[in-house]
>>> print(open('input_4.cif').read())   # mmCIF, C-alpha atoms
data_data
#
loop_
_atom_site.label_atom_id
_atom_site.label_comp_id
_atom_site.auth_asym_id
_atom_site.auth_seq_id
_atom_site.Cartn_x
_atom_site.Cartn_y
_atom_site.Cartn_z
CA MET A 1 0.00 0.00 0.00
CA TRP A 2 1.42 3.37 -1.01
CA ILE A 3 1.01 6.45 1.22
CA PRO A 4 2.26 9.80 -0.18
CA ALA A 5 5.20 11.32 1.69
CA GLY A 6 4.18 13.61 4.51
CA GLN A 7 0.58 12.38 4.59
CA GLN A 8 -0.57 10.89 7.85
CA THR A 9 -3.17 8.19 7.81
CA GLU A 10 -4.80 5.98 10.34
CA LEU A 11 -4.75 2.46 9.03
CA SER A 12 -7.05 0.11 10.76
CA MET A 13 -6.43 -2.99 8.68
CA THR A 14 -6.40 -6.34 10.40
CA PRO A 15 -3.85 -9.04 9.60
CA GLU A 16 -6.65 -10.99 7.89
CA GLN A 17 -7.41 -8.05 5.59
CA VAL A 18 -3.73 -7.84 4.67
CA ALA A 19 -3.78 -11.62 4.14
CA LEU A 20 -6.56 -11.12 1.58
CA MET A 21 -4.24 -8.74 -0.24
CA ALA A 22 -1.48 -11.37 -0.20
CA LYS A 23 -3.92 -14.02 -1.43
CA SER A 24 -4.90 -11.81 -4.37
CA ARG A 25 -1.21 -11.65 -5.36
CA LEU A 26 -0.81 -15.43 -5.57
CA ARG A 27 -0.01 -16.62 -9.10
CA LEU A 28 -1.05 -20.26 -9.16
CA PRO A 29 0.58 -22.32 -11.90
CA ALA A 30 -1.77 -23.52 -14.64
CA PRO A 31 -2.09 -27.31 -14.83
CA SER A 32 -0.72 -29.00 -17.94
CA ILE A 33 -2.27 -32.41 -18.74
CA ALA A 34 -0.17 -35.43 -19.71
CA MET A 35 -1.45 -38.94 -20.49
CA ASN A 36 -0.24 -42.29 -21.63
CA PRO A 37 -0.79 -43.62 -24.18
CA ALA A 38 0.17 -40.33 -25.81
CA GLY A 39 -2.45 -39.16 -28.30
CA GLU A 40 -5.30 -41.59 -28.91
CA GLN A 41 -6.44 -43.74 -25.98
CA LEU A 42 -7.74 -47.30 -26.35
CA VAL A 43 -10.81 -48.90 -24.81
CA HIS A 44 -9.85 -51.30 -21.97
CA LEU A 45 -6.20 -50.12 -21.92
CA PRO A 46 -5.26 -48.24 -18.72
CA THR A 47 -4.70 -44.50 -19.22
CA TRP A 48 -2.09 -42.91 -16.96
CA LEU A 49 -2.93 -39.34 -15.90
CA TRP A 50 -0.42 -36.81 -14.58
CA LEU A 51 0.42 -33.12 -14.56
CA ARG A 52 3.49 -31.86 -16.43
CA GLU A 53 3.05 -28.46 -14.75
CA GLY A 54 0.77 -26.95 -12.14
CA TRP A 55 1.68 -28.82 -8.96
CA ARG A 56 3.98 -26.72 -6.80
CA THR A 57 3.74 -24.59 -3.68
CA THR A 58 3.62 -20.85 -4.32
CA SER A 59 3.55 -17.82 -2.02
CA ALA A 60 2.98 -14.07 -1.99
CA SER A 61 3.24 -11.34 0.61
CA ALA A 62 1.53 -8.03 1.32
CA SER A 63 2.42 -5.22 3.70
CA VAL A 64 0.94 -2.13 5.25
CA PRO A 65 2.72 -0.08 7.91
CA GLY A 66 3.26 -2.38 10.88
CA ILE A 67 1.84 -5.55 9.28
CA THR A 68 3.38 -8.02 6.80
CA VAL A 69 1.50 -11.17 5.89
CA THR A 70 2.50 -14.10 3.67
CA ALA A 71 0.00 -16.41 1.98
CA VAL A 72 1.17 -19.88 0.90
CA ALA A 73 -0.85 -21.97 -1.58
CA GLU A 74 -0.26 -25.74 -1.63
CA PRO A 75 -1.90 -28.14 -4.09
CA THR A 76 -3.87 -30.87 -2.30
CA THR A 77 -5.78 -32.89 -4.91
CA ALA A 78 -6.25 -33.16 -8.64
CA SER A 79 -9.80 -34.03 -9.72
CA TRP A 80 -9.95 -35.44 -13.23
CA SER A 81 -13.21 -35.42 -15.18
CA THR A 82 -12.48 -38.05 -17.83
CA GLY A 83 -15.32 -37.03 -20.14
CA ASP A 84 -17.12 -40.36 -19.93
CA GLY A 85 -18.95 -39.57 -16.70
CA THR A 86 -16.15 -40.66 -14.38
CA THR A 87 -14.26 -38.47 -11.89
CA VAL A 88 -10.86 -39.59 -10.61
CA THR A 89 -9.40 -37.79 -7.57
CA CYS A 90 -5.65 -38.04 -7.04
CA THR A 91 -3.72 -36.82 -4.00
CA GLY A 92 -0.69 -35.85 -6.06
CA PRO A 93 0.29 -34.83 -9.59
CA GLY A 94 0.27 -38.45 -10.84
CA THR A 95 3.18 -40.59 -11.95
CA PRO A 96 4.57 -40.09 -15.46
CA PHE A 97 4.59 -43.21 -17.63
CA SER A 98 8.15 -44.19 -18.50
CA ALA A 99 9.44 -45.94 -21.58
CA GLY A 100 9.92 -49.65 -21.12
CA ARG A 101 6.93 -50.12 -18.84
CA ASP A 102 4.24 -52.59 -19.77
CA PRO A 103 1.57 -50.54 -21.63
CA LYS A 104 -1.11 -52.66 -19.93
CA SER A 105 0.09 -51.67 -16.44
CA VAL A 106 -2.13 -49.50 -14.27
CA SER A 107 -0.86 -46.17 -12.91
CA PRO A 108 0.21 -46.52 -9.26
CA ASP A 109 -1.64 -43.36 -8.23
CA CYS A 110 -3.69 -41.65 -10.95
CA GLY A 111 -5.33 -43.35 -13.90
CA HIS A 112 -8.53 -44.39 -15.65
CA THR A 113 -9.66 -47.09 -18.06
CA TYR A 114 -12.14 -46.10 -20.76
CA ARG A 115 -14.90 -48.64 -21.43
CA ARG A 116 -16.41 -47.00 -24.54
CA SER A 117 -14.90 -45.34 -27.58
CA SER A 118 -15.50 -41.68 -28.32
CA LYS A 119 -16.82 -42.50 -31.80
CA GLY A 120 -20.13 -40.76 -32.43
CA LEU A 121 -19.47 -37.96 -29.94
CA PRO A 122 -19.11 -34.36 -31.15
CA GLY A 123 -15.61 -34.11 -32.62
CA GLU A 124 -15.24 -37.89 -32.07
CA ALA A 125 -13.63 -37.04 -28.71
CA TYR A 126 -14.28 -36.82 -24.99
CA THR A 127 -13.57 -33.54 -23.22
CA ALA A 128 -11.31 -34.36 -20.28
CA SER A 129 -10.37 -31.81 -17.63
CA VAL A 130 -8.38 -31.56 -14.43
CA THR A 131 -9.03 -29.23 -11.50
CA VAL A 132 -6.24 -28.71 -8.98
CA HIS A 133 -7.51 -27.80 -5.49
CA TRP A 134 -5.36 -25.53 -3.32
CA ASN A 135 -5.16 -24.90 0.44
CA VAL A 136 -4.10 -21.35 1.22
CA ARG A 137 -2.68 -20.65 4.66
CA TRP A 138 -1.48 -17.27 5.82
CA SER A 139 0.57 -15.91 8.70
CA GLY A 140 1.81 -12.57 9.90
CA ALA A 141 1.61 -10.07 12.75
CA GLY A 142 1.39 -12.96 15.22
CA GLN A 143 -1.73 -14.42 13.60
CA ASN A 144 -2.53 -17.09 11.06
CA GLY A 145 -5.45 -18.61 9.22
CA VAL A 146 -6.67 -20.51 6.20
CA PHE A 147 -8.62 -19.40 3.14
CA PRO A 148 -10.86 -22.01 1.60
CA GLY A 149 -10.44 -23.46 -1.82
CA LEU A 150 -8.72 -21.92 -4.72
CA THR A 151 -8.73 -24.00 -7.90
CA THR A 152 -7.04 -24.05 -11.29
CA THR A 153 -8.51 -25.97 -14.23
CA THR A 154 -7.61 -26.97 -17.76
CA SER A 155 -9.14 -29.30 -20.33
CA THR A 156 -8.30 -31.18 -23.49
CA SER A 157 -10.02 -33.21 -26.21
CA LEU A 158 -9.30 -36.89 -26.10
CA SER A 159 -9.97 -39.55 -28.73
CA VAL A 160 -10.67 -43.07 -27.48
CA ALA A 161 -10.60 -45.82 -30.10
CA GLU A 162 -11.72 -49.42 -29.95
CA SER A 163 -9.29 -51.94 -31.33
CA GLN A 164 -10.65 -55.33 -32.37
CA ALA A 165 -8.79 -58.39 -33.49
CA LEU A 166 -9.99 -61.44 -35.37
CA ASN A 167 -8.16 -64.72 -34.93
CA SER A 168 -8.45 -67.13 -37.80
CA ARG A 169 -6.52 -70.16 -38.88
#
>>> encode(input="input_4.cif", output="structure tokens")
Amino acid sequence: MWIPAGQQTELSMTPEQVALMAKSRLRLPAPSIAMNPAGEQLVHLPTWLWLREGWRTTSASASVPGITVTAVAEPTTASWSTGDGTTVTCTGPGTPFSAGRDPKSVSPDCGHTYRRSSKGLPGEAYTASVTVHWNVRWSGAGQNGVFPGLTTTTSTSLSVAESQALNSR
């Protein structure tokens, strides 16, 4: 807060009001979706879900004469809407799929298996999204508190194909 030189003012802001200023200065990272298989998904093949970006603690501070408060935002869960009516909630950013792993393996912490193809849907694709939920705690001037739920969200289009095989002799 800027006060012109020589001007006296009576500030009666509480630490919580200054914490609201700090909260408004938070710049939460945007989530960036990653999946395996990359590109088109397959019916009945596990899809691994993770965030390339958007899962890190961030902070901001605000000050008025006599009071400085810092707000810290920490990601707590990632809620994935897979586009087929399923929601998957993960307590972390998910585990990236690494080369050499069995493509039929299930993610250890964040994944989904599609049961129907996206054929016939608008754009022949599901709309999948992820919402990262944040806890914001603040402290300063001998006080502390918590602000409820900030979120960041992003979405992507996702094609799910059905692969069929015919065995014949």
>>> resolve_selection(input="input_4.cif", expression="the PyMOL selection byres ((chain A and resi 44-56) around 10)", output="VMD selection string")
chain A and resid 28 to 38 41 to 43 57 to 58 73 to 78 80 82 88 90 92 to 97 103 to 117 130 132 to 134 152 to 153 160 to 163
>>> closest_residue(input="input_4.cif", among="A:Ser81, A:Ser157, A:Thr14, A:Arg101", to="A:Pro65", atoms="all atoms listed in the file")
A:Thr14
>>> closest_residue(input="input_4.cif", among="A:Ser139, A:Ser98, A:Ser155, A:Ser129", to="A:Ser63", atoms="only C-alpha atoms")
A:Ser139
>>> atom_distance(input="input_4.cif", atom1="atom CA of A:Gly140", atom2="atom CA of A:Ile67")
7.0 Å
>>> residues_around(input="input_4.cif", residues="A:Val146", least_positions_apart="2", cutoff="9 Å", atoms="all atoms listed in the file", output="NGL selection string")
:A and (71 or 135-139 or 144 or 148)
>>> write_last_selection(input="input_4.cif", atoms="C-alpha atoms", output="PDB file, keeping the file's coordinate frame")
ATOM      1  CA  ALA A  71       0.000 -16.410   1.980  1.00  0.00           C
ATOM      2  CA  ASN A 135      -5.160 -24.900   0.440  1.00  0.00           C
ATOM      3  CA  VAL A 136      -4.100 -21.350   1.220  1.00  0.00           C
ATOM      4  CA  ARG A 137      -2.680 -20.650   4.660  1.00  0.00           C
ATOM      5  CA  TRP A 138      -1.480 -17.270   5.820  1.00  0.00           C
ATOM      6  CA  SER A 139       0.570 -15.910   8.700  1.00  0.00           C
ATOM      7  CA  ASN A 144      -2.530 -17.090  11.060  1.00  0.00           C
ATOM      8  CA  PRO A 148     -10.860 -22.010   1.600  1.00  0.00           C
TER       9      PRO A 148
END
>>> closest_residue(input="input_4.cif", among="A:Val64, A:Ala99, A:Val72, A:Leu121", to="A:Arg25", atoms="all atoms listed in the file")
A:Val72
>>> atom_distance(input="input_4.cif", atom1="atom CA of A:Met13", atom2="atom CA of A:Ala60")
18.0 Å
>>> residues_around(input="input_4.cif", residues="A:Val69", least_positions_apart="6", cutoff="10 Å", atoms="all atoms listed in the file", output="ChimeraX atom specification")
/A:15-23,60-63,138-144
>>> write_last_selection(input="input_4.cif", atoms="C-alpha atoms", output="PDB file, in the frame of the given file")
ATOM      1  CA  PRO A  15      -3.850  -9.040   9.600  1.00  0.00           C
ATOM      2  CA  GLU A  16      -6.650 -10.990   7.890  1.00  0.00           C
ATOM      3  CA  GLN A  17      -7.410  -8.050   5.590  1.00  0.00           C
ATOM      4  CA  VAL A  18      -3.730  -7.840   4.670  1.00  0.00           C
ATOM      5  CA  ALA A  19      -3.780 -11.620   4.140  1.00  0.00           C
ATOM      6  CA  LEU A  20      -6.560 -11.120   1.580  1.00  0.00           C
ATOM      7  CA  MET A  21      -4.240  -8.740  -0.240  1.00  0.00           C
ATOM      8  CA  ALA A  22      -1.480 -11.370  -0.200  1.00  0.00           C
ATOM      9  CA  LYS A  23      -3.920 -14.020  -1.430  1.00  0.00           C
ATOM     10  CA  ALA A  60       2.980 -14.070  -1.990  1.00  0.00           C
ATOM     11  CA  SER A  61       3.240 -11.340   0.610  1.00  0.00           C
ATOM     12  CA  ALA A  62       1.530  -8.030   1.320  1.00  0.00           C
ATOM     13  CA  SER A  63       2.420  -5.220   3.700  1.00  0.00           C
ATOM     14  CA  TRP A 138      -1.480 -17.270   5.820  1.00  0.00           C
ATOM     15  CA  SER A 139       0.570 -15.910   8.700  1.00  0.00           C
ATOM     16  CA  GLY A 140       1.810 -12.570   9.900  1.00  0.00           C
ATOM     17  CA  ALA A 141       1.610 -10.070  12.750  1.00  0.00           C
ATOM     18  CA  GLY A 142       1.390 -12.960  15.220  1.00  0.00           C
ATOM     19  CA  GLN A 143      -1.730 -14.420  13.600  1.00  0.00           C
ATOM     20  CA  ASN A 144      -2.530 -17.090  11.060  1.00  0.00           C
TER      21      ASN A 144
END
>>> atom_distance(input="input_4.cif", atom1="atom CA of A:Thr70", atom2="atom CA of A:Phe147")
12.3 Å
>>> closest_residue(input="input_4.cif", among="A:Gly39, A:Thr131, A:Lys119, A:Gln164", to="A:Leu150", atoms="only C-alpha atoms")
A:Thr131
>>> closest_residue(input="input_4.cif", among="A:Asp84, A:Glu40, A:Thr89, A:Asp102", to="A:Ser159", atoms="all atoms listed in the file")
A:Glu40
>>> decode(input="input_4.cif", residues="stretch 123-147 of chain A", atoms="N, CA, C and O atoms", output="PDB file, in the first residue's frame")
ATOM      1  N   GLY A 123     -17.052 -34.148 -32.422  1.00  0.00           N
ATOM      2  CA  GLY A 123     -15.613 -34.113 -32.620  1.00  0.00           C
ATOM      3  C   GLY A 123     -14.946 -35.469 -32.448  1.00  0.00           C
ATOM      4  O   GLY A 123     -13.721 -35.552 -32.417  1.00  0.00           O
ATOM      5  N   GLU A 124     -15.763 -36.521 -32.276  1.00  0.00           N
ATOM      6  CA  GLU A 124     -15.236 -37.888 -32.074  1.00  0.00           C
ATOM      7  C   GLU A 124     -14.291 -37.955 -30.868  1.00  0.00           C
ATOM      8  O   GLU A 124     -13.341 -38.745 -30.860  1.00  0.00           O
ATOM      9  N   ALA A 125     -14.546 -37.105 -29.853  1.00  0.00           N
ATOM     10  CA  ALA A 125     -13.630 -37.041 -28.708  1.00  0.00           C
ATOM     11  C   ALA A 125     -14.385 -36.735 -27.420  1.00  0.00           C
ATOM     12  O   ALA A 125     -15.438 -36.105 -27.431  1.00  0.00           O
ATOM     13  N   TYR A 126     -13.828 -37.209 -26.323  1.00  0.00           N
ATOM     14  CA  TYR A 126     -14.278 -36.818 -24.989  1.00  0.00           C
ATOM     15  C   TYR A 126     -13.598 -35.495 -24.649  1.00  0.00           C
ATOM     16  O   TYR A 126     -12.508 -35.201 -25.147  1.00  0.00           O
ATOM     17  N   THR A 127     -14.229 -34.710 -23.791  1.00  0.00           N
ATOM     18  CA  THR A 127     -13.569 -33.540 -23.217  1.00  0.00           C
ATOM     19  C   THR A 127     -13.146 -33.921 -21.805  1.00  0.00           C
ATOM     20  O   THR A 127     -13.997 -34.157 -20.943  1.00  0.00           O
ATOM     21  N   ALA A 128     -11.850 -34.024 -21.598  1.00  0.00           N
ATOM     22  CA  ALA A 128     -11.307 -34.365 -20.280  1.00  0.00           C
ATOM     23  C   ALA A 128     -10.764 -33.091 -19.647  1.00  0.00           C
ATOM     24  O   ALA A 128     -10.234 -32.219 -20.340  1.00  0.00           O
ATOM     25  N   SER A 129     -10.889 -32.988 -18.327  1.00  0.00           N
ATOM     26  CA  SER A 129     -10.365 -31.815 -17.629  1.00  0.00           C
ATOM     27  C   SER A 129      -9.780 -32.223 -16.286  1.00  0.00           C
ATOM     28  O   SER A 129     -10.097 -33.281 -15.750  1.00  0.00           O
ATOM     29  N   VAL A 130      -8.930 -31.366 -15.770  1.00  0.00           N
ATOM     30  CA  VAL A 130      -8.380 -31.563 -14.434  1.00  0.00           C
ATOM     31  C   VAL A 130      -8.524 -30.257 -13.670  1.00  0.00           C
ATOM     32  O   VAL A 130      -8.287 -29.178 -14.214  1.00  0.00           O
ATOM     33  N   THR A 131      -8.939 -30.374 -12.413  1.00  0.00           N
ATOM     34  CA  THR A 131      -9.030 -29.231 -11.504  1.00  0.00           C
ATOM     35  C   THR A 131      -8.107 -29.499 -10.322  1.00  0.00           C
ATOM     36  O   THR A 131      -8.258 -30.509  -9.631  1.00  0.00           O
ATOM     37  N   VAL A 132      -7.143 -28.610 -10.123  1.00  0.00           N
ATOM     38  CA  VAL A 132      -6.238 -28.711  -8.975  1.00  0.00           C
ATOM     39  C   VAL A 132      -6.830 -27.869  -7.850  1.00  0.00           C
ATOM     40  O   VAL A 132      -7.183 -26.702  -8.057  1.00  0.00           O
ATOM     41  N   HIS A 133      -6.966 -28.480  -6.676  1.00  0.00           N
ATOM     42  CA  HIS A 133      -7.510 -27.803  -5.491  1.00  0.00           C
ATOM     43  C   HIS A 133      -6.342 -27.374  -4.605  1.00  0.00           C
ATOM     44  O   HIS A 133      -5.392 -28.137  -4.400  1.00  0.00           O
ATOM     45  N   TRP A 134      -6.445 -26.145  -4.089  1.00  0.00           N
ATOM     46  CA  TRP A 134      -5.362 -25.532  -3.317  1.00  0.00           C
ATOM     47  C   TRP A 134      -5.820 -25.168  -1.920  1.00  0.00           C
ATOM     48  O   TRP A 134      -6.906 -24.607  -1.748  1.00  0.00           O
ATOM     49  N   ASN A 135      -4.988 -25.436  -0.913  1.00  0.00           N
ATOM     50  CA  ASN A 135      -5.161 -24.900   0.436  1.00  0.00           C
ATOM     51  C   ASN A 135      -4.291 -23.654   0.530  1.00  0.00           C
ATOM     52  O   ASN A 135      -3.131 -23.680   0.119  1.00  0.00           O
ATOM     53  N   VAL A 136      -4.855 -22.581   1.053  1.00  0.00           N
ATOM     54  CA  VAL A 136      -4.097 -21.348   1.221  1.00  0.00           C
ATOM     55  C   VAL A 136      -4.053 -21.018   2.712  1.00  0.00           C
ATOM     56  O   VAL A 136      -5.090 -20.800   3.330  1.00  0.00           O
ATOM     57  N   ARG A 137      -2.852 -21.035   3.257  1.00  0.00           N
ATOM     58  CA  ARG A 137      -2.682 -20.649   4.664  1.00  0.00           C
ATOM     59  C   ARG A 137      -1.904 -19.343   4.699  1.00  0.00           C
ATOM     60  O   ARG A 137      -1.112 -19.065   3.799  1.00  0.00           O
ATOM     61  N   TRP A 138      -2.177 -18.547   5.709  1.00  0.00           N
ATOM     62  CA  TRP A 138      -1.482 -17.266   5.824  1.00  0.00           C
ATOM     63  C   TRP A 138      -0.988 -17.075   7.247  1.00  0.00           C
ATOM     64  O   TRP A 138      -1.519 -17.651   8.194  1.00  0.00           O
ATOM     65  N   SER A 139       0.063 -16.243   7.375  1.00  0.00           N
ATOM     66  CA  SER A 139       0.567 -15.909   8.703  1.00  0.00           C
ATOM     67  C   SER A 139       1.253 -14.553   8.640  1.00  0.00           C
ATOM     68  O   SER A 139       1.798 -14.163   7.608  1.00  0.00           O
ATOM     69  N   GLY A 140       1.166 -13.868   9.765  1.00  0.00           N
ATOM     70  CA  GLY A 140       1.810 -12.565   9.896  1.00  0.00           C
ATOM     71  C   GLY A 140       1.235 -11.811  11.070  1.00  0.00           C
ATOM     72  O   GLY A 140       0.114 -12.069  11.494  1.00  0.00           O
ATOM     73  N   ALA A 141       2.023 -10.899  11.611  1.00  0.00           N
ATOM     74  CA  ALA A 141       1.606 -10.066  12.748  1.00  0.00           C
ATOM     75  C   ALA A 141       1.122 -10.915  13.912  1.00  0.00           C
ATOM     76  O   ALA A 141       0.183 -10.565  14.609  1.00  0.00           O
ATOM     77  N   GLY A 142       1.741 -12.096  14.100  1.00  0.00           N
ATOM     78  CA  GLY A 142       1.394 -12.961  15.224  1.00  0.00           C
ATOM     79  C   GLY A 142       0.093 -13.723  15.039  1.00  0.00           C
ATOM     80  O   GLY A 142      -0.403 -14.333  15.987  1.00  0.00           O
ATOM     81  N   GLN A 143      -0.480 -13.698  13.852  1.00  0.00           N
ATOM     82  CA  GLN A 143      -1.734 -14.418  13.602  1.00  0.00           C
ATOM     83  C   GLN A 143      -1.569 -15.329  12.391  1.00  0.00           C
ATOM     84  O   GLN A 143      -0.612 -15.218  11.640  1.00  0.00           O
ATOM     85  N   ASN A 144      -2.531 -16.223  12.230  1.00  0.00           N
ATOM     86  CA  ASN A 144      -2.528 -17.092  11.056  1.00  0.00           C
ATOM     87  C   ASN A 144      -3.949 -17.554  10.775  1.00  0.00           C
ATOM     88  O   ASN A 144      -4.840 -17.392  11.599  1.00  0.00           O
ATOM     89  N   GLY A 145      -4.132 -18.120   9.597  1.00  0.00           N
ATOM     90  CA  GLY A 145      -5.451 -18.605   9.217  1.00  0.00           C
ATOM     91  C   GLY A 145      -5.387 -19.352   7.902  1.00  0.00           C
ATOM     92  O   GLY A 145      -4.316 -19.563   7.330  1.00  0.00           O
ATOM     93  N   VAL A 146      -6.551 -19.744   7.436  1.00  0.00           N
ATOM     94  CA  VAL A 146      -6.669 -20.507   6.198  1.00  0.00           C
ATOM     95  C   VAL A 146      -7.791 -19.903   5.367  1.00  0.00           C
ATOM     96  O   VAL A 146      -8.842 -19.536   5.910  1.00  0.00           O
ATOM     97  N   PHE A 147      -7.561 -19.793   4.070  1.00  0.00           N
ATOM     98  CA  PHE A 147      -8.616 -19.398   3.141  1.00  0.00           C
ATOM     99  C   PHE A 147      -9.081 -20.643   2.407  1.00  0.00           C
ATOM    100  O   PHE A 147      -8.258 -21.408   1.923  1.00  0.00           O
TER     101      PHE A 147
END
